[in-house]
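Undergrad: You'll find data.txt just under this line, and it carries compact mmCIF, C-alpha atoms.
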# COMPACT_ATOMS: atom_id res chain seq x y z
CA MET K 27 -30.77 29.96 -29.61
CA ARG K 28 -31.58 29.79 -25.91
CA GLN K 29 -28.85 28.38 -23.67
CA LYS K 30 -29.93 25.14 -22.10
CA GLN K 31 -30.12 25.19 -18.33
CA SER K 32 -28.23 22.59 -16.45
CA LEU K 33 -30.31 20.28 -14.38
CA ALA K 34 -30.18 20.50 -10.62
CA HIS K 35 -31.89 18.14 -8.17
CA THR K 36 -31.00 15.14 -10.32
CA SER K 37 -31.08 12.80 -7.37
CA LEU K 38 -34.70 13.77 -6.66
CA LEU K 39 -35.60 12.98 -10.27
CA VAL K 40 -33.73 9.67 -10.16
CA LEU K 41 -35.45 8.65 -6.94
CA SER K 42 -38.78 9.65 -8.40
CA LEU K 43 -38.21 7.57 -11.54
CA LEU K 44 -37.16 4.54 -9.52
CA SER K 45 -40.22 4.83 -7.28
CA ARG K 46 -42.31 3.67 -10.27
CA GLN K 47 -40.15 0.80 -11.49
CA ASP K 48 -36.62 -0.58 -11.48
CA MET K 49 -34.60 0.94 -14.32
CA TYR K 50 -31.17 0.81 -15.92
CA GLY K 51 -29.08 3.93 -16.60
CA TYR K 52 -30.00 4.68 -20.17
CA GLN K 53 -33.67 3.93 -19.50
CA MET K 54 -33.68 6.68 -16.86
CA ILE K 55 -32.09 9.16 -19.26
CA ALA K 56 -34.54 8.28 -22.05
CA THR K 57 -37.50 8.65 -19.68
CA LEU K 58 -36.24 11.99 -18.40
CA GLU K 59 -35.76 13.23 -21.96
CA GLN K 60 -39.36 12.35 -22.80
CA ARG K 61 -40.80 14.10 -19.76
CA LEU K 62 -38.58 17.12 -19.27
CA ASP K 63 -38.78 20.47 -20.95
CA PRO K 64 -36.16 20.47 -23.75
CA ALA K 65 -34.77 23.67 -22.23
CA PHE K 66 -33.27 21.53 -19.52
CA SER K 67 -30.30 19.40 -20.30
CA MET K 68 -28.29 16.85 -18.43
CA LYS K 69 -24.90 15.44 -19.22
CA GLU K 70 -25.79 11.78 -19.34
CA GLY K 71 -22.54 10.54 -17.85
CA THR K 72 -23.12 12.45 -14.62
CA LEU K 73 -26.09 10.18 -13.86
CA TYR K 74 -23.79 7.32 -12.86
CA PRO K 75 -21.85 9.05 -10.07
CA ILE K 76 -25.24 10.16 -8.69
CA LEU K 77 -26.49 6.58 -8.79
CA ARG K 78 -23.32 5.49 -7.02
CA GLU K 79 -23.83 8.17 -4.38
CA LEU K 80 -27.41 7.00 -3.82
CA GLU K 81 -26.17 3.42 -3.66
CA ASN K 82 -23.56 4.39 -1.05
CA ALA K 83 -26.29 6.11 0.95
CA GLY K 84 -28.41 2.96 0.80
CA ALA K 85 -31.16 4.75 -1.12
CA VAL K 86 -30.86 2.44 -4.12
CA SER K 87 -29.60 -1.06 -4.64
CA CYS K 88 -28.62 -2.65 -7.93
CA TYR K 89 -28.76 -6.04 -9.54
CA GLU K 90 -27.90 -7.46 -12.94
CA GLN K 91 -30.42 -9.02 -15.26
CA GLU K 92 -30.04 -10.45 -18.72
CA VAL K 93 -32.38 -8.87 -21.26
CA SER K 94 -32.26 -9.88 -24.95
CA GLY K 95 -28.83 -11.44 -24.50
CA ARG K 96 -27.36 -8.40 -22.71
CA THR K 97 -26.62 -8.07 -19.04
CA ARG K 98 -28.11 -4.87 -17.73
CA LYS K 99 -27.54 -3.26 -14.39
CA TYR K 100 -30.88 -2.35 -12.86
CA TYR K 101 -31.35 0.05 -9.99
CA HIS K 102 -33.99 -0.48 -7.34
CA LEU K 103 -35.34 2.02 -4.82
CA THR K 104 -34.94 0.78 -1.26
CA ARG K 105 -37.16 1.58 1.72
CA LYS K 106 -34.58 4.14 2.82
CA GLY K 107 -34.67 5.61 -0.69
CA ARG K 108 -38.45 6.01 -0.47
CA ARG K 109 -38.05 7.96 2.77
CA GLN K 110 -35.36 10.10 1.15
CA LEU K 111 -37.61 10.72 -1.84
CA ALA K 112 -40.47 11.85 0.42
CA GLU K 113 -38.14 14.21 2.31
CA GLU K 114 -36.59 15.70 -0.83
CA GLN K 115 -39.98 16.05 -2.47
CA GLU K 116 -41.31 17.91 0.55
CA GLN K 117 -38.27 20.21 0.56
CA TRP K 118 -38.71 20.89 -3.12
CA GLU K 119 -42.40 21.72 -2.75
CA ARG K 120 -41.65 24.06 0.14
CA TYR K 121 -38.94 25.75 -1.93
CA GLU K 122 -41.22 26.03 -4.96
CA HIS K 123 -44.02 27.45 -2.82
CA ALA K 124 -41.69 30.07 -1.31
CA ILE K 125 -40.42 31.14 -4.73
CA ASN K 126 -43.93 31.31 -6.16
CA ALA K 127 -45.07 33.41 -3.21
CA VAL K 128 -42.46 36.02 -4.10
CA LEU K 129 -42.98 35.85 -7.86
CA HIS K 130 -46.75 36.28 -7.61
CA MET K 131 -46.68 39.06 -5.05
CA ALA K 132 -49.23 41.68 -5.95
CA MET S 2 -16.48 -2.29 -29.20
CA ASP S 3 -16.47 1.03 -31.02
CA PRO S 4 -13.06 2.68 -30.48
CA LEU S 5 -14.87 5.92 -29.61
CA TYR S 6 -16.57 4.16 -26.71
CA SER S 7 -13.43 2.50 -25.44
CA ARG S 8 -11.52 5.79 -25.59
CA PHE S 9 -14.29 7.53 -23.66
CA CYS S 10 -14.45 4.76 -21.04
CA ASN S 11 -10.67 4.74 -20.67
CA GLU S 12 -10.68 8.50 -20.10
CA VAL S 13 -13.38 8.21 -17.45
CA CYS S 14 -11.63 5.31 -15.71
CA GLY S 15 -8.33 7.21 -15.88
CA HIS S 16 -9.85 9.70 -13.46
CA ILE S 17 -11.01 7.06 -10.97
CA PRO S 18 -7.78 6.02 -9.20
CA ARG S 19 -9.73 4.79 -6.17
CA ALA S 20 -11.49 2.09 -8.20
CA THR S 21 -10.18 -1.45 -8.19
CA SER S 22 -9.56 -3.05 -11.58
CA ARG S 23 -12.82 -4.98 -11.18
CA GLU S 24 -14.76 -1.79 -10.45
CA ARG S 25 -13.17 -0.12 -13.48
CA GLY S 26 -14.33 -3.04 -15.61
CA ASP S 27 -17.88 -2.69 -14.26
CA ILE S 28 -17.88 1.07 -14.84
CA ALA S 29 -16.60 0.70 -18.41
CA ARG S 30 -19.20 -1.98 -19.15
CA GLU S 31 -22.10 0.10 -17.82
CA LEU S 32 -20.98 3.19 -19.74
CA THR S 33 -20.50 1.16 -22.92
CA HIS S 34 -24.02 -0.28 -22.64
CA HIS S 35 -25.34 3.24 -22.19
CA LEU S 36 -23.48 4.51 -25.27
CA GLU S 37 -24.61 1.54 -27.37
CA ASP S 38 -28.25 2.04 -26.31
CA HIS S 39 -28.14 5.71 -27.13
CA ALA S 40 -26.43 5.20 -30.49
CA ARG S 41 -28.93 2.48 -31.41
CA GLN S 42 -31.82 4.79 -30.59
CA LEU S 43 -30.31 7.52 -32.76
CA ALA S 44 -29.71 5.03 -35.58
CA ASP S 45 -33.38 3.97 -35.38
CA ARG S 46 -34.27 7.62 -35.98
CA GLY S 47 -32.18 7.58 -39.15
CA VAL S 48 -28.86 8.97 -37.92
CA GLU S 49 -25.86 7.45 -39.69
CA GLU S 50 -24.00 4.89 -37.52
CA GLY S 51 -20.72 6.83 -37.09
CA ALA S 52 -22.53 10.07 -36.36
CA ALA S 53 -24.79 8.27 -33.87
CA ALA S 54 -21.79 6.93 -31.96
CA ASP S 55 -20.23 10.39 -31.97
CA ARG S 56 -23.40 12.05 -30.67
CA ALA S 57 -23.83 9.40 -27.98
CA VAL S 58 -20.33 10.12 -26.70
CA GLN S 59 -20.92 13.88 -26.85
CA ALA S 60 -24.14 13.51 -24.85
CA MET S 61 -22.24 11.85 -22.00
CA GLY S 62 -20.31 15.01 -21.16
CA ASP S 63 -16.76 15.61 -20.02
CA PRO S 64 -15.10 12.27 -19.14
CA SER S 65 -12.75 13.90 -16.61
CA GLU S 66 -15.70 15.49 -14.78
CA ILE S 67 -17.60 12.18 -14.72
CA GLY S 68 -14.49 10.32 -13.54
CA ALA S 69 -13.76 12.86 -10.79
CA LYS S 70 -17.36 12.71 -9.51
CA TRP S 71 -17.31 8.94 -9.61
CA ASN S 72 -13.98 8.82 -7.83
CA ALA S 73 -15.37 10.99 -5.03
CA GLN S 74 -17.97 8.30 -4.36
CA LEU S 75 -15.42 5.55 -3.83
CA SER S 76 -13.50 4.78 -0.67
CA PRO S 77 -9.78 5.60 -0.86
CA PHE S 78 -9.03 2.46 1.21
CA TRP S 79 -7.94 0.21 -1.66
CA LEU S 80 -5.99 2.99 -3.33
CA TRP S 81 -3.96 3.60 -0.17
CA MET S 82 -3.76 -0.11 0.63
CA GLY S 83 -2.28 -0.65 -2.84
CA ARG S 84 0.24 2.14 -2.30
CA VAL S 85 1.20 0.88 1.16
CA LEU S 86 1.63 -2.68 -0.15
CA CYS S 87 3.71 -1.40 -3.05
CA VAL S 88 6.05 0.54 -0.74
CA ALA S 89 6.21 -2.39 1.71
CA GLY S 90 7.04 -4.74 -1.17
CA MET S 91 9.82 -2.45 -2.35
CA CYS S 92 11.24 -2.18 1.18
CA LEU S 93 11.07 -5.95 1.63
CA SER S 94 12.78 -6.51 -1.73
CA PHE S 95 15.49 -4.03 -0.73
CA VAL S 96 16.04 -5.75 2.62
CA ILE S 97 16.24 -9.17 0.93
CA PHE S 98 18.59 -7.80 -1.73
CA VAL S 99 20.86 -6.21 0.89
CA GLY S 100 20.76 -9.43 2.91
CA LEU S 101 21.80 -11.49 -0.10
CA TYR S 102 24.24 -9.18 -1.83
CA GLY S 103 25.02 -6.50 0.78
CA GLU S 104 28.62 -7.56 1.23
CA ARG S 105 29.38 -6.93 -2.44
CA PHE S 106 28.35 -3.32 -2.04
CA GLU S 107 30.10 -2.77 1.29
CA PRO S 108 33.28 -1.25 -0.26
CA ILE S 109 31.16 1.17 -2.30
CA LEU S 110 29.07 2.06 0.76
CA ASN S 111 32.16 2.57 2.90
CA SER S 112 33.76 4.71 0.21
CA LEU S 113 30.63 6.88 0.00
CA LEU S 114 30.43 7.19 3.79
CA ALA S 115 34.11 8.08 3.98
CA ARG S 116 33.55 10.85 1.42
CA VAL S 117 30.91 12.45 3.61
CA GLY S 118 33.19 12.14 6.61
CA VAL S 119 31.69 9.08 8.30
CA THR S 120 34.64 6.88 9.25
CA GLY S 121 35.25 3.84 11.42
CA PRO S 122 34.78 5.09 15.00
CA LEU S 123 31.35 6.49 14.25
CA ARG S 124 30.07 3.24 12.84
CA ASP S 125 29.24 -0.18 14.12
CA PRO S 126 32.60 -2.04 14.29
CA PRO S 127 31.58 -5.25 12.49
CA TYR S 128 30.59 -3.27 9.43
CA SER S 129 33.56 -0.91 9.24
CA TYR S 130 36.16 -3.62 9.83
CA ARG S 131 37.26 -6.32 7.46
CA SER S 132 38.74 -9.71 8.20
CA VAL S 133 42.51 -9.96 7.64
CA GLY S 134 43.18 -13.33 9.25
CA GLU S 135 41.73 -16.24 11.18
CA MET S 136 42.92 -18.76 13.71
CA GLU S 137 41.32 -21.76 15.37
CA LEU S 138 41.16 -21.89 19.17
CA ASP S 139 40.39 -24.71 21.54
CA LEU S 140 40.04 -23.11 24.97
CA ARG S 141 37.54 -24.28 27.55
CA CYS S 142 37.27 -21.87 30.50
CA PRO S 143 35.17 -22.68 33.58
CA TYR S 144 32.56 -20.14 34.58
CA GLY S 145 30.57 -21.21 37.62
CA ASP S 146 28.70 -24.35 36.63
CA SER S 147 29.09 -23.44 32.97
CA VAL S 148 31.98 -23.64 30.56
CA ILE S 149 32.83 -20.98 28.01
CA TYR S 150 34.36 -22.54 24.97
CA LEU S 151 36.45 -20.27 22.72
CA TYR S 152 36.70 -21.96 19.34
CA GLY S 153 38.23 -19.44 16.96
CA LEU S 154 39.25 -15.88 16.31
CA THR S 155 39.21 -13.45 13.42
CA VAL S 156 41.51 -10.45 13.13
CA LEU S 157 39.58 -7.38 12.02
CA GLN S 158 41.15 -4.30 10.49
CA ASN S 159 39.48 -0.92 10.18
CA ILE S 160 39.05 -0.25 6.50
CA HIS S 161 39.93 3.40 6.99
CA ASP S 162 42.80 2.96 9.44
CA PRO S 163 44.94 -0.21 8.99
CA ASP S 164 46.59 0.34 12.39
CA GLU S 165 43.28 0.00 14.14
CA ARG S 166 42.61 -3.68 14.68
CA ALA S 167 40.47 -5.89 16.83
CA LEU S 168 40.02 -9.58 17.57
CA ARG S 169 36.63 -11.20 17.21
CA ILE S 170 36.47 -14.38 19.22
CA GLY S 171 33.83 -17.04 18.68
CA ALA S 172 32.46 -18.34 21.99
CA VAL S 173 29.89 -20.85 23.18
CA ALA S 174 28.73 -21.12 26.80
CA TYR S 175 27.25 -24.42 27.95
CA HIS S 176 26.36 -25.97 31.31
CA ARG S 177 28.36 -28.90 32.58
CA ASP S 178 25.10 -30.73 33.06
CA PRO S 179 23.70 -31.07 29.52
CA PHE S 180 20.11 -30.94 30.88
CA ARG S 181 20.52 -27.51 32.44
CA ASP S 182 20.77 -24.02 30.95
CA SER S 183 24.13 -22.30 30.75
CA VAL S 184 24.99 -18.73 31.66
CA LEU S 185 24.03 -16.31 28.89
CA LEU S 186 26.94 -14.52 27.25
CA THR S 187 24.81 -11.39 27.27
CA ASN S 188 24.79 -11.43 31.08
CA ILE S 189 28.59 -11.31 31.37
CA THR S 190 30.38 -8.00 31.79
CA TRP S 191 33.55 -8.09 29.69
CA ASP S 192 36.62 -6.15 30.76
CA GLY S 193 39.46 -4.42 28.90
CA GLY S 194 37.21 -2.70 26.35
CA ALA S 195 35.86 -6.00 25.03
CA TRP S 196 32.22 -6.23 24.00
CA LEU S 197 29.83 -8.86 22.81
CA SER S 198 29.35 -8.02 19.15
CA TYR S 199 27.10 -10.93 18.11
CA TRP S 200 25.05 -13.25 20.21
CA ALA S 201 22.32 -15.82 20.17
CA SER S 202 20.45 -16.17 23.44
CA PRO S 203 18.10 -19.11 23.22
CA ALA S 204 15.44 -19.67 25.87
CA ARG S 205 17.18 -22.86 26.93
CA GLY S 206 20.46 -24.66 26.38
CA ALA S 207 23.75 -23.18 25.23
CA SER S 208 24.47 -19.55 24.44
CA ALA S 209 26.64 -18.55 21.50
CA GLY S 210 28.23 -15.28 20.45
CA ALA S 211 31.29 -13.35 19.38
CA ILE S 212 33.37 -11.16 21.66
CA THR S 213 35.37 -8.33 20.13
CA ILE S 214 38.57 -7.11 21.79
CA PRO S 215 40.31 -3.97 20.49
CA LEU S 216 44.07 -4.29 19.94
CA PRO S 217 46.47 -1.44 20.76
CA PRO S 218 47.37 0.43 17.53
CA GLY S 219 50.38 -0.95 15.67
CA SER S 220 51.06 -3.77 18.13
CA LEU S 221 51.26 -7.51 17.51
CA PRO S 222 50.87 -8.93 21.04
CA GLU S 223 51.82 -12.54 21.69
CA SER S 224 48.64 -13.03 23.64
CA VAL S 225 45.56 -11.22 24.88
CA VAL S 226 43.69 -11.73 28.12
CA LEU S 227 39.92 -11.87 28.05
CA THR S 228 38.17 -11.43 31.38
CA GLY S 229 34.56 -11.11 32.39
CA SER S 230 32.29 -11.51 35.37
CA SER S 231 28.67 -11.73 36.48
CA PHE S 232 26.69 -12.90 39.51
CA GLY S 233 29.84 -13.61 41.55
CA ASN S 234 31.43 -15.74 38.83
CA SER S 235 34.50 -14.66 36.93
CA PHE S 236 36.15 -15.69 33.74
CA ARG S 237 39.72 -15.38 32.53
CA ALA S 238 41.22 -16.70 29.32
CA VAL S 239 44.68 -16.13 27.95
CA ILE S 240 44.49 -16.34 24.19
CA PRO S 241 47.83 -16.97 22.45
CA LEU S 242 48.26 -15.23 19.11
CA ASP S 243 50.44 -16.87 16.47
CA TRP S 244 50.68 -13.99 13.97
CA GLU S 245 52.44 -16.09 11.34
CA ALA S 246 49.61 -18.60 11.43
CA ILE S 247 47.02 -15.84 11.47
CA SER S 248 48.32 -13.98 8.41
As a first step, turn the structure in this file into structure tokens.
TA:
Amino acid sequence: MRQKQSLAHTSLLVLSLLSRQDMYGYQMIATLEQRLDPAFSMKEGTLYPILRELENAGAVSCYEQEVSGRTRKYYHLTRKGRRQLAEEQEQWERYEHAINAVLHMA
Amino acid sequence: MDPLYSRFCNEVCGHIPRATSRERGDIARELTHHLEDHARQLADRGVEEGAAADRAVQAMGDPSEIGAKWNAQLSPFWLWMGRVLCVAGMCLSFVIFVGLYGERFEPILNSLLARVGVTGPLRDPPYSYRSVGEMELDLRCPYGDSVIYLYGLTVLQNIHDPDERALRIGAVAYHRDPFRDSVLLTNITWDGGAWLSYWASPARGASAGAITIPLPPGSLPESVVLTGSSFGNSFRAVIPLDWEAIS
């Protein structure tokens, strides 16, 4: 069985998810699971320190909302977070382009 | 709450010393909601309830790693503030305790200090001497426009050397005019090896204190002379000592 690769750039993925809608922790994990290649794995608990880090940086804010009798903590992407997302996305694309340029060298 | 969840949350929170108790509660609640959501999703897919809870916890990862990462995101301010307050509280309690019950432990303290070689002369006289007798005085001595009233004396004996004794004399300085300030006892230079061992120097009014005079070793003088001076004024008091009355 192939060893699962750990997932880097989690903050980029989190910012990207939150750019579409406000989400709570497990919702982010479930969405990532649906979209990602199963070869990639993420320890779910590590999402929360990342969210806290983004919150400290002012990239996300959080609020509580009651849904079906349960209080959920939702995360919201701030304007600063959108700028951070754009920067990280650009860095990632540049990195990907550079790697591809080497891999596809004739 | 499932005991698996609470154990996991406790382990995570155990690695977040920087969190306040309220933050720990929030963290535990968020993680528990996550675990419950995941387990419910697994149960909907047909996984047995106990196994679903177990898999949900497994999927979270190492609680110590999560806790350490979370802790790194929190400010150490409250952690250190708590420690500083704890130490300050202990120091304050100790000071209050010593203030209230210090005298009871003085013999033990003196015994311990004597064992390590710290004896009377190296220490502050009021704490290495003990009272062996008292006598009332009623001496009013003029000092410029003020009067120095000597109202009582205590005979002190060095706890390590019974021959070494001193007199501690209670004194109050007041101005003849009750609306004016008296000379401060702290401003007077005392002669004959005497020193002001306690004093209260209020901003206005009278000045109170205690003057300690060393006695020659082994002697029981019939009287001692206390002299002092400052700003051109001088003071002289002959203090009679009735040793029978004192002891």
Undergrad: Could you give me the centre and size, in Å to one decimal, of an axis-aligned box around all listed atoms of region 85-97 of chain K with 3 Å added on every side, as AutoDock Vina command-line options?
TA:
--center_x -29.5 --center_y -3.3 --center_z -13.0 --size_x 11.8 --size_y 22.2 --size_z 29.8
Undergrad: What is the CA of Ser231 (chain S) to CA of Glu135 (chain S) distance in Å?
TA: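 These atoms are spaced 28.8 Å apart.
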Undergrad: Using all atoms listed in the file, which residue out of S:Asp162, S:Glu137, S:Glu107, S:Glu24 lies closest to Leu75 (chain S)?
TA: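 For Leu75 (chain S), the nearest of the given residues is S:Glu24.
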Undergrad: From the list K:His35, K:Leu43, K:Asp48, K:Leu73, which residue is nearest chain S when using only C-alpha atoms?
TA: K:Leu73
Undergrad: Any idea which chain K residues end up within 8 Å of chain S if we count all atoms listed in the file, as a list in words please?
TA: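 The contacting residues on chain K are Gly51, Tyr52, Lys69, Glu70, Gly71, Thr72, Tyr74, Pro75, Arg78, Glu79, Asn82, Arg98 and Lys99 of chain K.
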Undergrad: Just give me the gap between CA of Glu223 (chain S) and CA of Trp200 (chain S) in Å, one decimal is fine.
TA: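 Value for the CA of Glu223 (chain S)-CA of Trp200 (chain S) distance: 26.8 Å.
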Undergrad: Please compute the CA of Ala112 (chain K)-CA of Ser37 (chain K) distance, one decimal, in Å.
TA: 12.2 Å
Undergrad: Can you pull out every residue within 12 Å of Tyr199 (chain S), counting only C-alpha atoms, but drop anything in the same chain fewer than 4 positions away, and send it as an MDAnalysis selection string?
TA: chainID S and resid 125:127 169:173 186:187 208:213
Undergrad: Can you list, as a PDB file with C-alpha atoms, keeping the file's coordinate frame, every protein, DNA or RNA residue that comes within 10 Å of Asn234 (chain S) when you count only C-alpha atoms, leaving out same-chain residues fewer than 6 positions away?
TA:
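See out-v9.pdb below for the written result:
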ATOM      1  CA  PRO S 143      35.170 -22.680  33.580  1.00  0.00           C
ATOM      2  CA  TYR S 144      32.560 -20.140  34.580  1.00  0.00           C
ATOM      3  CA  GLY S 145      30.570 -21.210  37.620  1.00  0.00           C
ATOM      4  CA  ASP S 146      28.700 -24.350  36.630  1.00  0.00           C
ATOM      5  CA  SER S 147      29.090 -23.440  32.970  1.00  0.00           C
ATOM      6  CA  ILE S 189      28.590 -11.310  31.370  1.00  0.00           C
TER       7      ILE S 189
END
Undergrad: Can you pull out the residues contacting region 237-244 of chain S? Cut-off 8 Å, using all atoms listed in the file, and skip same-chain residues under 3 positions away; I want them as a compact mmCIF listing (two decimals) with C-alpha atoms, in the coordinates of the input.
TA:
# COMPACT_ATOMS: atom_id res chain seq x y z
CA LEU S 140 40.04 -23.11 24.97
CA CYS S 142 37.27 -21.87 30.50
CA LEU S 221 51.26 -7.51 17.51
CA PRO S 222 50.87 -8.93 21.04
CA GLU S 223 51.82 -12.54 21.69
CA SER S 224 48.64 -13.03 23.64
CA VAL S 225 45.56 -11.22 24.88
CA VAL S 226 43.69 -11.73 28.12
CA LEU S 227 39.92 -11.87 28.05
CA THR S 228 38.17 -11.43 31.38
CA GLY S 229 34.56 -11.11 32.39
CA ILE S 247 47.02 -15.84 11.47
CA SER S 248 48.32 -13.98 8.41
